[in-house]
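In what follows, a single structure is set out as structure tokens and then discussed.
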Amino acid sequence: MRVVSLVPSLTEAVARSVPGALVGVTDWCTHPADLDVARVGGTKNPKLDRVLALTPDLVIANEEENREPDLAALREAGVEVLVTEVRDVPQAFGELARVLTACGARTRPRWLDEAESAWQALPEPSYRPTAVVPIWRRPWMVLGRDTFAGDVLARLGVDHVYATHPERYPRILIDDLNAAAPDVVVLPDEPYRFTADDGPEAFPGLPCALVSGRHLTWYGPSLTEAPRLLTKALRAARR
């Protein structure tokens, strides 16, 4: 099986569970760090000629991360394309199992069982803080409705302010974000790389939690440790 992955989190899942299956990945596929396969460009602008030159048996993609015209072009060239849809944690586990089977996994990986157990064992929160979750600045964009990251936070007992917004990733003025007065501002390091020096200064007087974007937005082996590490970062910000 020769697989090209256009989704970083799926790249990590396949590399760990079906060694040797991947022949091409995007420039944004950073895990595992020692993955040595061809690079085919970005998730939004893959080099289709590079993908086709690898003669893949399967290309794995995601309906949010990848553009339909690119996927259609691959199909027209005779390549099988598996497109995932992940809007919540349970759906992530189902799609991961589907992808790994399609990529040739003969057994269900242990990490997938461990990840499901970690999320099923979450205690019922006694208090649910509110949050604003920027994913970009210039312009400011935040989590809105129906997002995987929003569901991750909800299951950890955090309600993000724009969960019922008509848009999935709305643009909101910074003055309005501050006026929402959330209990915490959650700043991931991707897709925009928020840091201690780039992000918190825009929210004076509000606690800010700098979190790993891989643990907040990726669906793969990182789901095993995501509940613990995200909870730790959120608690530290509100002390």
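Ligands are numbered from 1 in the order shown, chains are lettered A, B, ... in the order of the structure tokens, and residues start at 1 in each chain.
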
Between region 127-211 of chain A and region 218-235 of chain A, at 9 Å or less, what are the per-residue closest atom pairs and their distances in Å? Count only C-alpha atoms, order by chain and rising residue number, and return it as a Markdown table.
```
| residue | atom | partner | partner_atom | distance |
| --- | --- | --- | --- | --- |
| A:Phe148 | CA | A:Trp218 | CA | 8.7 |
| A:Ala149 | CA | A:Trp218 | CA | 8.4 |
| A:Val152 | CA | A:Pro227 | CA | 8.4 |
| A:Leu153 | CA | A:Leu230 | CA | 8.6 |
| A:Arg155 | CA | A:Pro227 | CA | 8.9 |
| A:Leu156 | CA | A:Thr231 | CA | 7.0 |
| A:Val184 | CA | A:Leu234 | CA | 7.9 |
| A:Val186 | CA | A:Leu234 | CA | 7.8 |
| A:Cys208 | CA | A:Leu234 | CA | 8.3 |
| A:Ala209 | CA | A:Leu234 | CA | 5.6 |
| A:Leu210 | CA | A:Ala233 | CA | 7.0 |
| A:Val211 | CA | A:Ala233 | CA | 6.4 |
```

With C-alpha atoms retained, write the just-selected residues as a PDB file, in the first residue's frame.
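Result went into result.pdb, see below:
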```
ATOM      1  CA  PHE A 148     -13.462  19.662  16.582  1.00  0.00           C
ATOM      2  CA  ALA A 149     -11.451  21.938  18.870  1.00  0.00           C
ATOM      3  CA  VAL A 152     -12.512  19.039  22.720  1.00  0.00           C
ATOM      4  CA  LEU A 153     -12.843  22.035  25.046  1.00  0.00           C
ATOM      5  CA  ARG A 155     -15.590  17.781  26.918  1.00  0.00           C
ATOM      6  CA  LEU A 156     -12.939  19.266  29.187  1.00  0.00           C
ATOM      7  CA  VAL A 184      -9.919  32.493  29.979  1.00  0.00           C
ATOM      8  CA  VAL A 186      -7.135  29.977  24.929  1.00  0.00           C
ATOM      9  CA  CYS A 208      -4.476  33.454  28.865  1.00  0.00           C
ATOM     10  CA  ALA A 209      -3.718  29.759  28.401  1.00  0.00           C
ATOM     11  CA  LEU A 210      -1.026  28.998  25.836  1.00  0.00           C
ATOM     12  CA  VAL A 211      -1.769  25.500  24.567  1.00  0.00           C
TER      13      VAL A 211
END
```

Alpha helix (DSSP H) positions in region 65-142 of chain A, given as an NGL selection string: :A and (68-76 or 89-102 or 110-120)

What does the file look like for those residues with N, CA, C and O atoms, as a short mmCIF file (atom, residue, chain, number, x, y, z; two decimals), in the first residue's frame?
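Written out: again.cif:
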```cif
data_model
loop_
_atom_site.label_atom_id
_atom_site.label_comp_id
_atom_site.auth_asym_id
_atom_site.auth_seq_id
_atom_site.Cartn_x
_atom_site.Cartn_y
_atom_site.Cartn_z
N GLU A 68 -11.59 20.91 -2.24
CA GLU A 68 -12.27 19.95 -3.11
C GLU A 68 -11.74 19.95 -4.54
O GLU A 68 -11.62 18.88 -5.14
N PRO A 69 -11.39 21.11 -5.14
CA PRO A 69 -10.85 21.06 -6.50
C PRO A 69 -9.58 20.20 -6.62
O PRO A 69 -9.38 19.51 -7.62
N ASP A 70 -8.73 20.25 -5.60
CA ASP A 70 -7.53 19.42 -5.62
C ASP A 70 -7.88 17.94 -5.53
O ASP A 70 -7.31 17.10 -6.25
N LEU A 71 -8.83 17.62 -4.67
CA LEU A 71 -9.23 16.22 -4.51
C LEU A 71 -9.92 15.70 -5.76
O LEU A 71 -9.70 14.56 -6.18
N ALA A 72 -10.72 16.56 -6.38
CA ALA A 72 -11.40 16.18 -7.62
C ALA A 72 -10.38 15.91 -8.73
O ALA A 72 -10.53 14.96 -9.52
N ALA A 73 -9.33 16.72 -8.79
CA ALA A 73 -8.30 16.54 -9.80
C ALA A 73 -7.57 15.21 -9.61
O ALA A 73 -7.23 14.53 -10.58
N LEU A 74 -7.34 14.84 -8.37
CA LEU A 74 -6.69 13.55 -8.10
C LEU A 74 -7.59 12.39 -8.52
O LEU A 74 -7.12 11.42 -9.12
N ARG A 75 -8.87 12.52 -8.23
CA ARG A 75 -9.80 11.47 -8.63
C ARG A 75 -9.85 11.35 -10.16
O ARG A 75 -9.87 10.24 -10.71
N GLU A 76 -9.86 12.49 -10.83
CA GLU A 76 -9.91 12.47 -12.29
C GLU A 76 -8.66 11.82 -12.88
O GLU A 76 -8.70 11.25 -13.98
N VAL A 89 -15.05 14.63 18.98
CA VAL A 89 -14.11 13.60 19.42
C VAL A 89 -14.57 12.19 19.04
O VAL A 89 -13.78 11.41 18.50
N PRO A 90 -15.82 11.80 19.29
CA PRO A 90 -16.25 10.46 18.86
C PRO A 90 -16.09 10.24 17.36
O PRO A 90 -15.68 9.15 16.92
N GLN A 91 -16.41 11.25 16.58
CA GLN A 91 -16.25 11.12 15.13
C GLN A 91 -14.78 10.94 14.76
O GLN A 91 -14.45 10.19 13.83
N ALA A 92 -13.89 11.57 15.50
CA ALA A 92 -12.46 11.42 15.24
C ALA A 92 -12.03 9.96 15.40
O ALA A 92 -11.29 9.43 14.57
N PHE A 93 -12.50 9.32 16.45
CA PHE A 93 -12.12 7.92 16.66
C PHE A 93 -12.64 7.03 15.55
O PHE A 93 -11.94 6.13 15.07
N GLY A 94 -13.86 7.27 15.10
CA GLY A 94 -14.42 6.48 14.02
C GLY A 94 -13.66 6.68 12.71
O GLY A 94 -13.39 5.71 11.99
N GLU A 95 -13.34 7.91 12.41
CA GLU A 95 -12.61 8.20 11.18
C GLU A 95 -11.18 7.67 11.23
O GLU A 95 -10.64 7.20 10.22
N LEU A 96 -10.55 7.75 12.37
CA LEU A 96 -9.20 7.21 12.50
C LEU A 96 -9.19 5.71 12.23
O LEU A 96 -8.32 5.19 11.52
N ALA A 97 -10.15 5.00 12.79
CA ALA A 97 -10.22 3.56 12.56
C ALA A 97 -10.44 3.27 11.07
O ALA A 97 -9.83 2.34 10.50
N ARG A 98 -11.28 4.06 10.42
CA ARG A 98 -11.55 3.88 8.99
C ARG A 98 -10.30 4.12 8.15
O ARG A 98 -9.98 3.36 7.23
N VAL A 99 -9.57 5.19 8.47
CA VAL A 99 -8.37 5.52 7.72
C VAL A 99 -7.30 4.45 7.88
O VAL A 99 -6.68 4.01 6.90
N LEU A 100 -7.08 4.01 9.10
CA LEU A 100 -6.03 3.03 9.35
C LEU A 100 -6.34 1.70 8.66
O LEU A 100 -5.44 1.05 8.10
N THR A 101 -7.59 1.31 8.67
CA THR A 101 -7.98 0.09 7.96
C THR A 101 -7.73 0.24 6.46
O THR A 101 -7.19 -0.66 5.81
N ALA A 102 -8.10 1.39 5.92
CA ALA A 102 -7.90 1.64 4.49
C ALA A 102 -6.42 1.66 4.12
O ALA A 102 -6.06 1.33 2.98
N ARG A 110 -2.99 0.04 19.68
CA ARG A 110 -3.22 0.21 21.11
C ARG A 110 -3.46 1.67 21.47
O ARG A 110 -4.27 1.99 22.33
N TRP A 111 -2.73 2.57 20.78
CA TRP A 111 -2.88 3.99 21.14
C TRP A 111 -4.30 4.48 20.92
O TRP A 111 -4.77 5.36 21.64
N LEU A 112 -5.00 3.90 19.94
CA LEU A 112 -6.37 4.34 19.68
C LEU A 112 -7.29 3.93 20.83
O LEU A 112 -8.15 4.70 21.26
N ASP A 113 -7.10 2.72 21.34
CA ASP A 113 -7.88 2.28 22.51
C ASP A 113 -7.55 3.14 23.73
O ASP A 113 -8.45 3.52 24.49
N GLU A 114 -6.26 3.45 23.90
CA GLU A 114 -5.85 4.26 25.05
C GLU A 114 -6.43 5.67 24.95
O GLU A 114 -6.84 6.25 25.97
N ALA A 115 -6.48 6.20 23.75
CA ALA A 115 -7.04 7.55 23.56
C ALA A 115 -8.53 7.56 23.87
O ALA A 115 -9.03 8.46 24.57
N GLU A 116 -9.25 6.57 23.39
CA GLU A 116 -10.69 6.51 23.68
C GLU A 116 -10.93 6.38 25.18
O GLU A 116 -11.83 7.02 25.74
N SER A 117 -10.13 5.56 25.84
CA SER A 117 -10.27 5.39 27.29
C SER A 117 -10.01 6.69 28.02
O SER A 117 -10.71 7.03 28.98
N ALA A 118 -9.01 7.44 27.57
CA ALA A 118 -8.67 8.71 28.22
C ALA A 118 -9.83 9.69 28.15
O ALA A 118 -10.13 10.41 29.12
N TRP A 119 -10.54 9.73 27.02
CA TRP A 119 -11.65 10.66 26.87
C TRP A 119 -12.91 10.16 27.56
O TRP A 119 -13.72 10.96 28.04
N GLN A 120 -13.08 8.85 27.64
CA GLN A 120 -14.25 8.31 28.31
C GLN A 120 -14.15 8.45 29.83
O GLN A 120 -15.17 8.45 30.52
#
```

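Comparing A:Asp49, A:Glu80, A:Asp189, A:Asp146 by their smallest distance to His165 (chain A), the closest is A:Asp146 (using only C-alpha atoms).
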
Spatial neighbours of His31 (chain A), max dist 10 Å, only C-alpha atoms, sep filter under 6 positions, as JSON, numbers by chain: {"A": [8, 9, 10, 11, 12, 13, 15, 16, 214, 221, 222]}

Next, the residues of the selection above should be written as a PDB file, in the first residue's frame with all heavy atoms.
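Listing of again.pdb after writing:
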```
ATOM      1  N   PRO A   8      -1.927  16.563   8.445  1.00  0.00           N
ATOM      2  CA  PRO A   8      -0.864  16.292   9.412  1.00  0.00           C
ATOM      3  C   PRO A   8      -1.222  15.298  10.511  1.00  0.00           C
ATOM      4  O   PRO A   8      -0.420  14.425  10.841  1.00  0.00           O
ATOM      5  CB  PRO A   8      -0.569  17.686   9.992  1.00  0.00           C
ATOM      6  CG  PRO A   8      -0.862  18.604   8.850  1.00  0.00           C
ATOM      7  CD  PRO A   8      -2.082  18.007   8.187  1.00  0.00           C
ATOM      8  N   SER A   9      -2.413  15.419  11.110  1.00  0.00           N
ATOM      9  CA  SER A   9      -2.755  14.506  12.201  1.00  0.00           C
ATOM     10  C   SER A   9      -2.931  13.079  11.690  1.00  0.00           C
ATOM     11  O   SER A   9      -2.581  12.110  12.378  1.00  0.00           O
ATOM     12  CB  SER A   9      -4.018  14.978  12.921  1.00  0.00           C
ATOM     13  OG  SER A   9      -5.077  15.176  12.012  1.00  0.00           O
ATOM     14  N   LEU A  10      -3.458  12.918  10.469  1.00  0.00           N
ATOM     15  CA  LEU A  10      -3.588  11.583   9.898  1.00  0.00           C
ATOM     16  C   LEU A  10      -2.226  11.020   9.521  1.00  0.00           C
ATOM     17  O   LEU A  10      -1.998   9.808   9.610  1.00  0.00           O
ATOM     18  CB  LEU A  10      -4.513  11.614   8.681  1.00  0.00           C
ATOM     19  CG  LEU A  10      -5.971  11.991   8.961  1.00  0.00           C
ATOM     20  CD1 LEU A  10      -6.784  11.986   7.670  1.00  0.00           C
ATOM     21  CD2 LEU A  10      -6.598  11.037   9.976  1.00  0.00           C
ATOM     22  N   THR A  11      -1.324  11.897   9.115  1.00  0.00           N
ATOM     23  CA  THR A  11       0.048  11.459   8.834  1.00  0.00           C
ATOM     24  C   THR A  11       0.648  10.796  10.064  1.00  0.00           C
ATOM     25  O   THR A  11       1.230   9.713   9.991  1.00  0.00           O
ATOM     26  CB  THR A  11       0.914  12.660   8.416  1.00  0.00           C
ATOM     27  OG1 THR A  11       0.455  13.151   7.160  1.00  0.00           O
ATOM     28  CG2 THR A  11       2.378  12.264   8.298  1.00  0.00           C
ATOM     29  N   GLU A  12       0.505  11.450  11.204  1.00  0.00           N
ATOM     30  CA  GLU A  12       1.066  10.891  12.441  1.00  0.00           C
ATOM     31  C   GLU A  12       0.417   9.557  12.780  1.00  0.00           C
ATOM     32  O   GLU A  12       1.100   8.600  13.181  1.00  0.00           O
ATOM     33  CB  GLU A  12       0.883  11.870  13.597  1.00  0.00           C
ATOM     34  CG  GLU A  12       1.504  11.379  14.893  1.00  0.00           C
ATOM     35  CD  GLU A  12       1.346  12.346  16.048  1.00  0.00           C
ATOM     36  OE1 GLU A  12       0.527  13.279  15.954  1.00  0.00           O
ATOM     37  OE2 GLU A  12       2.056  12.156  17.049  1.00  0.00           O
ATOM     38  N   ALA A  13      -0.882   9.465  12.602  1.00  0.00           N
ATOM     39  CA  ALA A  13      -1.598   8.230  12.929  1.00  0.00           C
ATOM     40  C   ALA A  13      -1.155   7.074  12.034  1.00  0.00           C
ATOM     41  O   ALA A  13      -0.914   5.950  12.512  1.00  0.00           O
ATOM     42  CB  ALA A  13      -3.104   8.452  12.795  1.00  0.00           C
ATOM     43  N   ALA A  15       1.691   6.865  10.198  1.00  0.00           N
ATOM     44  CA  ALA A  15       3.109   6.572  10.384  1.00  0.00           C
ATOM     45  C   ALA A  15       3.336   5.692  11.600  1.00  0.00           C
ATOM     46  O   ALA A  15       4.188   4.795  11.586  1.00  0.00           O
ATOM     47  CB  ALA A  15       3.899   7.876  10.519  1.00  0.00           C
ATOM     48  N   ARG A  16       2.575   5.930  12.643  1.00  0.00           N
ATOM     49  CA  ARG A  16       2.743   5.152  13.871  1.00  0.00           C
ATOM     50  C   ARG A  16       2.105   3.778  13.774  1.00  0.00           C
ATOM     51  O   ARG A  16       2.610   2.815  14.364  1.00  0.00           O
ATOM     52  CB  ARG A  16       2.133   5.927  15.040  1.00  0.00           C
ATOM     53  CG  ARG A  16       2.261   5.206  16.372  1.00  0.00           C
ATOM     54  CD  ARG A  16       2.030   6.143  17.518  1.00  0.00           C
ATOM     55  NE  ARG A  16       1.967   5.449  18.787  1.00  0.00           N
ATOM     56  CZ  ARG A  16       1.838   6.041  19.962  1.00  0.00           C
ATOM     57  NH1 ARG A  16       1.770   7.362  20.020  1.00  0.00           N
ATOM     58  NH2 ARG A  16       1.771   5.355  21.079  1.00  0.00           N
ATOM     59  N   ARG A 214      -1.416  21.046  18.485  1.00  0.00           N
ATOM     60  CA  ARG A 214      -1.477  19.614  18.184  1.00  0.00           C
ATOM     61  C   ARG A 214      -2.431  18.896  19.124  1.00  0.00           C
ATOM     62  O   ARG A 214      -3.178  18.014  18.708  1.00  0.00           O
ATOM     63  CB  ARG A 214      -0.076  19.008  18.277  1.00  0.00           C
ATOM     64  CG  ARG A 214      -0.004  17.494  18.073  1.00  0.00           C
ATOM     65  CD  ARG A 214       1.427  17.045  17.896  1.00  0.00           C
ATOM     66  NE  ARG A 214       1.556  15.611  18.014  1.00  0.00           N
ATOM     67  CZ  ARG A 214       1.946  14.960  19.107  1.00  0.00           C
ATOM     68  NH1 ARG A 214       2.262  15.659  20.208  1.00  0.00           N
ATOM     69  NH2 ARG A 214       2.027  13.647  19.139  1.00  0.00           N
ATOM     70  N   PRO A 221      -2.580  10.148  17.487  1.00  0.00           N
ATOM     71  CA  PRO A 221      -1.990   9.689  18.754  1.00  0.00           C
ATOM     72  C   PRO A 221      -1.961  10.749  19.843  1.00  0.00           C
ATOM     73  O   PRO A 221      -1.966  10.423  21.034  1.00  0.00           O
ATOM     74  CB  PRO A 221      -0.581   9.280  18.328  1.00  0.00           C
ATOM     75  CG  PRO A 221      -0.722   8.854  16.906  1.00  0.00           C
ATOM     76  CD  PRO A 221      -1.732   9.811  16.325  1.00  0.00           C
ATOM     77  N   SER A 222      -1.947  12.038  19.455  1.00  0.00           N
ATOM     78  CA  SER A 222      -1.931  13.106  20.459  1.00  0.00           C
ATOM     79  C   SER A 222      -3.192  13.122  21.309  1.00  0.00           C
ATOM     80  O   SER A 222      -3.207  13.694  22.407  1.00  0.00           O
ATOM     81  CB  SER A 222      -1.768  14.472  19.780  1.00  0.00           C
ATOM     82  OG  SER A 222      -2.800  14.691  18.838  1.00  0.00           O
TER      83      SER A 222
END
```
